[in-house]
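Enquirer: Would you mind keeping the following structure in view while I ask a few things?
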Amino acid sequence: MPPTHPVSVFACQPMKKIQDSYFHKAKREGFAARSVYKLEQIDRKRKLLRRGMRVLDLGTSPGSWLQYAARQVGAQGHVLGVDLQEPRGGLPAHARILQADVFDIPAHSLLQGGAPFDVVLSDMAPRTTGVPSADAARSEELARRALALSAELLRPGGSLLVKVFQGGGLPALRKTFAAHFAKVTLEKPKASRSESVEIFLLGTGKKEGPAA
Ligand SMILES: C[S@@+](CC[C@H](N)C(=O)[O-])C[C@H]1O[C@@H](n2cnc3c(N)ncnc32)[C@H](O)[C@@H]1O
């Protein structure tokens, strides 16, 4: 079923736009970016998103993950996106986007009086410098912020999927995830180019109470 909202295709970093088969598929299917297939492939494998769920999507722009999540949770669900960039229009009624920096926004303000989220997604990426260790360190900071927000906003048993650039800090980050989640896996979907340093950490079964 095609999405009913944004139709133009934008890459996260336009200078590095990859016009491969996933790019053209996204354009055909009405998704805002080829990144949607990374989420779709992980979701198909791990069964993260279901009807009626509440989803927080960190680093939402241009919006393909939000489009996919909104479609999977359906009109009984809810998706809240957060991004530094100004939101585009054309969202379904059960999705909203907040323009904010995740480091500045207090966790409780994202609940907006609603129940905790069932799933938190983060495809956030830093502005890259070309220095791999610096880019990985900044990406890890974003991943740790997503984890800190999840500690407050995700329901027990919920899932967190986070993109991170592979660097020296990845084993420690994975260990921190393991303190919060019953199961932690590393995901590299086919749609993520093999030469890309990105990988996805997935925590499922959020533990009750404060992390060990
Ligand atoms: C790869 S793009 C996300 C693509 C999106 N998932 C999609 O499918 O269309 C990464 C996004 O992370 C956002 N971002 C980076 N740092 C952020 C921060 N501190 N707070 C909020 N958003 C941030 C960027 O503005 C950018 O839009």
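FYI, nothing fancy with the structure tokens labels: chains A, B, ... in order, residues from 1 per chain, ligands from 1 as they appear.
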Give me the residues of region 29-148 of chain A that have any atom at most 12 Å from an atom of region 182-199 of chain A; for each, the nearest atom pair and the distance in Å, rounded to one decimal. Use only C-alpha atoms, sort by chain and number, and format it as CSV.
Expert:
residue,atom,partner,partner_atom,distance
A:Ala33,CA,A:Ala191,CA,11.6
A:Arg34,CA,A:Ala191,CA,8.0
A:Ser35,CA,A:Ala191,CA,7.4
A:Val36,CA,A:Ala191,CA,8.7
A:Tyr37,CA,A:Ala191,CA,5.9
A:Lys38,CA,A:Ala191,CA,5.2
A:Leu39,CA,A:Pro189,CA,8.1
A:Glu40,CA,A:Pro189,CA,9.0
A:Gln41,CA,A:Pro189,CA,6.0
A:Ile42,CA,A:Pro189,CA,6.4
A:Asp43,CA,A:Pro189,CA,10.0
A:Arg44,CA,A:Pro189,CA,10.5
A:Lys45,CA,A:Pro189,CA,9.5
A:Arg46,CA,A:Glu187,CA,9.9
A:Ser122,CA,A:Ile199,CA,11.7
A:Asp123,CA,A:Glu198,CA,9.9
A:Met124,CA,A:Glu198,CA,10.8
A:Ala125,CA,A:Glu198,CA,9.4
A:Pro126,CA,A:Glu198,CA,11.7
A:Thr128,CA,A:Val197,CA,11.8
A:Pro132,CA,A:Val197,CA,9.0
A:Ser133,CA,A:Val197,CA,11.0
A:Asp135,CA,A:Val197,CA,10.0
A:Ala136,CA,A:Val197,CA,8.7
A:Ser139,CA,A:Glu198,CA,9.4
A:Glu140,CA,A:Glu198,CA,11.0
A:Ala143,CA,A:Ile199,CA,11.3
Enquirer: For those residues, write C-alpha atoms to a file as a compact mmCIF listing (two decimals), in the first residue's frame.
Expert:
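Saved the output as selection00.txt:
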# COMPACT_ATOMS: atom_id res chain seq x y z
CA ALA A 33 14.28 8.76 1.01
CA ARG A 34 15.90 5.42 0.17
CA SER A 35 16.61 5.01 3.92
CA VAL A 36 13.09 3.65 4.28
CA TYR A 37 14.25 0.24 3.06
CA LYS A 38 16.78 -0.05 5.90
CA LEU A 39 13.95 0.27 8.41
CA GLU A 40 11.62 -1.92 6.39
CA GLN A 41 14.23 -4.72 6.16
CA ILE A 42 14.96 -4.60 9.90
CA ASP A 43 11.25 -4.44 10.69
CA ARG A 44 10.48 -7.45 8.49
CA LYS A 45 13.22 -9.44 10.18
CA ARG A 46 12.54 -8.37 13.78
CA SER A 122 16.83 6.94 15.73
CA ASP A 123 18.33 7.44 12.28
CA MET A 124 20.10 10.59 13.53
CA ALA A 125 23.41 11.37 11.85
CA PRO A 126 25.90 14.11 12.67
CA THR A 128 30.29 14.65 8.97
CA PRO A 132 36.25 8.97 10.81
CA SER A 133 37.04 8.86 14.54
CA ASP A 135 32.37 11.37 13.10
CA ALA A 136 31.98 8.07 14.97
CA SER A 139 27.37 9.57 16.12
CA GLU A 140 27.84 7.68 19.41
CA ALA A 143 23.02 7.17 19.96
Enquirer: Produce as a CSV table (one decimal) with N, CA, C and O atoms, in the first residue's frame the set of residues near ligand 1, where near means within 8 Å with only C-alpha atoms and all ligand atoms considered.
Expert:
chain,number,residue,atom,x,y,z
A,10,PHE,N,14.4,12.9,-1.1
A,10,PHE,CA,15.6,13.7,-0.6
A,10,PHE,C,16.5,12.7,0.1
A,10,PHE,O,16.1,11.9,0.8
A,11,ALA,N,17.8,12.9,-0.1
A,11,ALA,CA,18.7,12.1,0.7
A,11,ALA,C,19.0,12.9,2.0
A,11,ALA,O,18.7,14.1,2.1
A,12,CYS,N,19.5,12.2,3.1
A,12,CYS,CA,19.8,12.9,4.3
A,12,CYS,C,20.8,14.0,4.1
A,12,CYS,O,20.8,15.1,4.5
A,13,GLN,N,21.8,13.6,3.3
A,13,GLN,CA,22.9,14.5,2.9
A,13,GLN,C,22.9,14.6,1.4
A,13,GLN,O,23.5,13.8,0.7
A,32,ALA,N,10.1,9.4,1.0
A,32,ALA,CA,10.9,10.6,1.0
A,32,ALA,C,12.4,10.3,0.9
A,32,ALA,O,13.2,11.2,0.5
A,33,ALA,N,12.8,9.1,1.1
A,33,ALA,CA,14.3,8.8,1.0
A,33,ALA,C,14.5,7.2,0.9
A,33,ALA,O,13.6,6.5,1.3
A,34,ARG,N,15.6,6.8,0.3
A,34,ARG,CA,15.9,5.4,0.2
A,34,ARG,C,16.1,4.7,1.5
A,34,ARG,O,16.0,3.5,1.6
A,35,SER,N,16.4,5.6,2.6
A,35,SER,CA,16.6,5.0,3.9
A,35,SER,C,15.5,4.2,4.4
A,35,SER,O,15.6,3.3,5.3
A,36,VAL,N,14.3,4.4,3.8
A,36,VAL,CA,13.1,3.7,4.3
A,36,VAL,C,13.3,2.1,4.2
A,36,VAL,O,12.8,1.4,5.1
A,57,ASP,N,10.3,8.9,16.6
A,57,ASP,CA,11.3,8.8,15.5
A,57,ASP,C,12.2,10.0,15.6
A,57,ASP,O,11.9,11.1,15.2
A,58,LEU,N,13.5,9.7,16.1
A,58,LEU,CA,14.4,10.8,16.3
A,58,LEU,C,15.3,11.0,15.0
A,58,LEU,O,15.8,10.0,14.5
A,59,GLY,N,15.4,12.2,14.6
A,59,GLY,CA,16.2,12.5,13.3
A,59,GLY,C,15.3,12.1,12.1
A,59,GLY,O,15.6,11.2,11.3
A,60,THR,N,14.1,12.7,12.0
A,60,THR,CA,13.1,12.3,11.2
A,60,THR,C,13.2,12.7,9.7
A,60,THR,O,12.7,12.1,8.8
A,61,SER,N,13.9,13.9,9.5
A,61,SER,CA,13.8,14.5,8.2
A,61,SER,C,14.7,13.8,7.2
A,61,SER,O,15.8,13.3,7.5
A,62,PRO,N,14.4,13.6,5.9
A,62,PRO,CA,13.2,14.1,5.2
A,62,PRO,C,11.9,13.4,5.5
A,62,PRO,O,10.8,13.9,5.1
A,63,GLY,N,11.9,12.2,6.2
A,63,GLY,CA,10.7,11.7,6.6
A,63,GLY,C,10.3,10.3,6.2
A,63,GLY,O,9.2,9.8,6.5
A,64,SER,N,11.2,9.5,5.6
A,64,SER,CA,10.8,8.2,5.1
A,64,SER,C,10.5,7.2,6.2
A,64,SER,O,9.6,6.4,6.1
A,65,TRP,N,11.3,7.3,7.3
A,65,TRP,CA,11.0,6.3,8.4
A,65,TRP,C,9.7,6.7,9.0
A,65,TRP,O,8.9,5.8,9.4
A,66,LEU,N,9.4,8.0,9.1
A,66,LEU,CA,8.1,8.4,9.7
A,66,LEU,C,7.0,7.9,8.8
A,66,LEU,O,6.0,7.4,9.3
A,82,VAL,N,11.1,14.0,15.5
A,82,VAL,CA,11.9,15.1,16.0
A,82,VAL,C,13.1,15.3,15.1
A,82,VAL,O,13.8,14.3,14.8
A,83,ASP,N,13.3,16.6,14.7
A,83,ASP,CA,14.4,16.8,13.8
A,83,ASP,C,14.8,18.3,14.0
A,83,ASP,O,14.0,19.2,14.3
A,84,LEU,N,16.1,18.6,13.7
A,84,LEU,CA,16.6,19.9,13.7
A,84,LEU,C,16.0,20.7,12.6
A,84,LEU,O,15.8,21.9,12.7
A,85,GLN,N,15.6,20.0,11.5
A,85,GLN,CA,15.1,20.7,10.4
A,85,GLN,C,13.6,21.0,10.4
A,85,GLN,O,12.9,20.2,11.1
A,99,GLN,N,10.2,20.4,15.6
A,99,GLN,CA,11.5,20.9,15.2
A,99,GLN,C,12.3,21.2,16.5
A,99,GLN,O,12.0,22.1,17.2
A,100,ALA,N,13.3,20.4,16.8
A,100,ALA,CA,14.1,20.6,18.0
A,100,ALA,C,15.4,19.8,17.9
A,100,ALA,O,15.5,18.9,17.1
A,101,ASP,N,16.3,20.2,18.8
A,101,ASP,CA,17.6,19.5,19.0
A,101,ASP,C,17.4,18.5,20.1
A,101,ASP,O,16.9,18.9,21.2
A,102,VAL,N,17.7,17.2,19.9
A,102,VAL,CA,17.4,16.2,20.9
A,102,VAL,C,18.2,16.5,22.2
A,102,VAL,O,17.8,16.0,23.3
A,103,PHE,N,19.3,17.2,22.1
A,103,PHE,CA,20.1,17.5,23.3
A,103,PHE,C,19.4,18.6,24.1
A,103,PHE,O,19.8,18.7,25.3
A,122,SER,N,15.9,5.8,16.0
A,122,SER,CA,16.8,6.9,15.7
A,122,SER,C,17.7,6.7,14.5
A,122,SER,O,18.5,5.8,14.5
A,123,ASP,N,17.5,7.5,13.5
A,123,ASP,CA,18.3,7.4,12.3
A,123,ASP,C,19.2,8.7,12.3
A,123,ASP,O,19.7,9.1,11.2
A,124,MET,N,19.4,9.3,13.5
A,124,MET,CA,20.1,10.6,13.5
A,124,MET,C,21.5,10.4,13.1
A,124,MET,O,22.2,9.4,13.3
A,125,ALA,N,22.0,11.4,12.3
A,125,ALA,CA,23.4,11.4,11.8
A,125,ALA,C,24.0,12.8,12.1
A,125,ALA,O,23.3,13.8,11.9
A,126,PRO,N,25.3,12.8,12.5
A,126,PRO,CA,25.9,14.1,12.7
A,126,PRO,C,26.3,14.7,11.3
A,126,PRO,O,26.4,14.0,10.3
A,127,ARG,N,26.6,16.0,11.3
A,127,ARG,CA,27.3,16.6,10.1
A,127,ARG,C,28.6,16.0,10.1
A,127,ARG,O,29.4,16.1,11.1
A,142,LEU,N,25.0,10.9,19.7
A,142,LEU,CA,23.6,10.9,19.3
A,142,LEU,C,22.9,9.6,19.7
A,142,LEU,O,21.8,9.6,20.2
Enquirer: Write out as a list in words which residues come within 8 Å of Ser159 (chain A) when counting only C-alpha atoms, dropping same-chain ones fewer than 5 positions away.
Expert: Leu48, Asp118, Val119, Val120, Leu154, Leu202, Gly203, Thr204, Gly205 and Lys206 of chain A
Enquirer: Given only C-alpha atoms as the basis, pick out the residue of A:Ala107, A:Ala26, A:Val55, A:Leu49 nearest to Ala151 (chain A).
Expert: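 Closest to Ala151 (chain A), using only C-alpha atoms: A:Ala107.
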Enquirer: Near region 169-172 of chain A, within 9 Å and counting only C-alpha atoms, which residues show up once chain neighbours fewer than 4 positions away are dropped, as a ChimeraX atom specification?
Expert: /A:136-137,140,164-165,176-177
Enquirer: Take the residues just selected and output them with N, CA and C atoms as a short mmCIF file (atom, residue, chain, number, x, y, z; two decimals), in the first residue's frame.
Expert:
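Printed below is selection-v5.cif as written:
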data_model
loop_
_atom_site.label_atom_id
_atom_site.label_comp_id
_atom_site.auth_asym_id
_atom_site.auth_seq_id
_atom_site.Cartn_x
_atom_site.Cartn_y
_atom_site.Cartn_z
N ALA A 136 32.52 9.19 14.18
CA ALA A 136 31.98 8.07 14.97
C ALA A 136 31.68 8.52 16.39
N ALA A 137 32.55 9.37 16.95
CA ALA A 137 32.33 9.84 18.33
C ALA A 137 31.05 10.66 18.41
N GLU A 140 28.08 8.39 18.14
CA GLU A 140 27.84 7.68 19.41
C GLU A 140 27.14 8.59 20.41
N VAL A 164 24.25 3.97 14.26
CA VAL A 164 25.51 4.49 14.81
C VAL A 164 26.62 4.22 13.80
N PHE A 165 27.58 5.15 13.71
CA PHE A 165 28.74 4.94 12.86
C PHE A 165 29.73 4.05 13.63
N THR A 176 26.34 -0.89 27.08
CA THR A 176 25.38 -0.01 27.77
C THR A 176 23.96 -0.38 27.37
N PHE A 177 23.76 -0.67 26.08
CA PHE A 177 22.43 -1.10 25.62
C PHE A 177 22.01 -2.36 26.40
#
Enquirer: Which value, in Å to one decimal, gives the distance between CA of Pro156 (chain A) and CA of Asp104 (chain A)?
Expert: 24.6 Å
Enquirer: Ranking A:Leu121, A:Leu91, A:Val73, A:Val79 by minimum distance to Ser150 (chain A) and counting only C-alpha atoms, which one comes first?
Expert: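 Nearest candidate to Ser150 (chain A) out of A:Leu121, A:Leu91, A:Val73, A:Val79: A:Leu121.
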Enquirer: Excluding Gly52 (chain A) and any residue of its chain fewer than 4 positions from it, enumerate the residues within 10 Å of it, using only C-alpha atoms, and give them as a PyMOL selection string.
Expert: chain A and resi 70+72-78+118
Enquirer: May I have the residues from that selection written out with N, CA, C and O atoms, as a PDB file, in the first residue's frame?
Expert:
ATOM      1  N   ALA A  70       4.304   5.317  10.271  1.00  0.00           N
ATOM      2  CA  ALA A  70       2.893   5.737  10.307  1.00  0.00           C
ATOM      3  C   ALA A  70       2.020   4.715   9.579  1.00  0.00           C
ATOM      4  O   ALA A  70       0.913   4.405  10.021  1.00  0.00           O
ATOM      5  N   GLN A  72       2.711   1.484   9.222  1.00  0.00           N
ATOM      6  CA  GLN A  72       2.685   0.215   9.963  1.00  0.00           C
ATOM      7  C   GLN A  72       1.795   0.286  11.199  1.00  0.00           C
ATOM      8  O   GLN A  72       1.137  -0.692  11.532  1.00  0.00           O
ATOM      9  N   VAL A  73       1.807   1.439  11.899  1.00  0.00           N
ATOM     10  CA  VAL A  73       1.005   1.515  13.143  1.00  0.00           C
ATOM     11  C   VAL A  73      -0.461   1.823  12.834  1.00  0.00           C
ATOM     12  O   VAL A  73      -1.335   1.564  13.656  1.00  0.00           O
ATOM     13  N   GLY A  74      -0.723   2.409  11.672  1.00  0.00           N
ATOM     14  CA  GLY A  74      -2.102   2.695  11.274  1.00  0.00           C
ATOM     15  C   GLY A  74      -2.702   3.853  12.052  1.00  0.00           C
ATOM     16  O   GLY A  74      -2.062   4.433  12.949  1.00  0.00           O
ATOM     17  N   ALA A  75      -3.940   4.157  11.729  1.00  0.00           N
ATOM     18  CA  ALA A  75      -4.593   5.346  12.286  1.00  0.00           C
ATOM     19  C   ALA A  75      -4.846   5.238  13.785  1.00  0.00           C
ATOM     20  O   ALA A  75      -5.029   6.251  14.467  1.00  0.00           O
ATOM     21  N   GLN A  76      -4.844   4.011  14.337  1.00  0.00           N
ATOM     22  CA  GLN A  76      -5.019   3.854  15.800  1.00  0.00           C
ATOM     23  C   GLN A  76      -3.699   4.095  16.538  1.00  0.00           C
ATOM     24  O   GLN A  76      -3.692   4.199  17.763  1.00  0.00           O
ATOM     25  N   GLY A  77      -2.616   4.153  15.813  1.00  0.00           N
ATOM     26  CA  GLY A  77      -1.310   4.385  16.423  1.00  0.00           C
ATOM     27  C   GLY A  77      -0.948   5.861  16.376  1.00  0.00           C
ATOM     28  O   GLY A  77      -1.770   6.711  16.014  1.00  0.00           O
ATOM     29  N   HIS A  78       0.315   6.143  16.759  1.00  0.00           N
ATOM     30  CA  HIS A  78       0.764   7.537  16.770  1.00  0.00           C
ATOM     31  C   HIS A  78       2.269   7.548  16.502  1.00  0.00           C
ATOM     32  O   HIS A  78       2.998   6.711  17.038  1.00  0.00           O
ATOM     33  N   ASP A 118       6.045   2.695  22.488  1.00  0.00           N
ATOM     34  CA  ASP A 118       6.304   1.256  22.347  1.00  0.00           C
ATOM     35  C   ASP A 118       7.634   1.024  21.642  1.00  0.00           C
ATOM     36  O   ASP A 118       8.302   0.009  21.868  1.00  0.00           O
TER      37      ASP A 118
END
Enquirer: Check the smallest atom-to-atom distance from each of A:Tyr68, A:Leu56, A:Ala93, A:Leu160 to Ala115 (chain A) using only C-alpha atoms, then report the winner.
Expert: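 Distance minimum relative to Ala115 (chain A) lands on A:Leu56.
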Enquirer: Report the residues of region 2-212 of chain A whose backbone DSSP state falls under strand (DSSP E), written as a PyMOL selection string.
Expert: chain A and resi 54-58+78-83+95-99+117-122+154-165+181-187+198-206
Enquirer: If you run DSSP on the backbone here, which positions in region 28-150 of chain A get helix (DSSP H, G or I)? Please write them as a ChimeraX atom specification.
Expert: /A:28-29,36-46,64-73,107-111,132-150
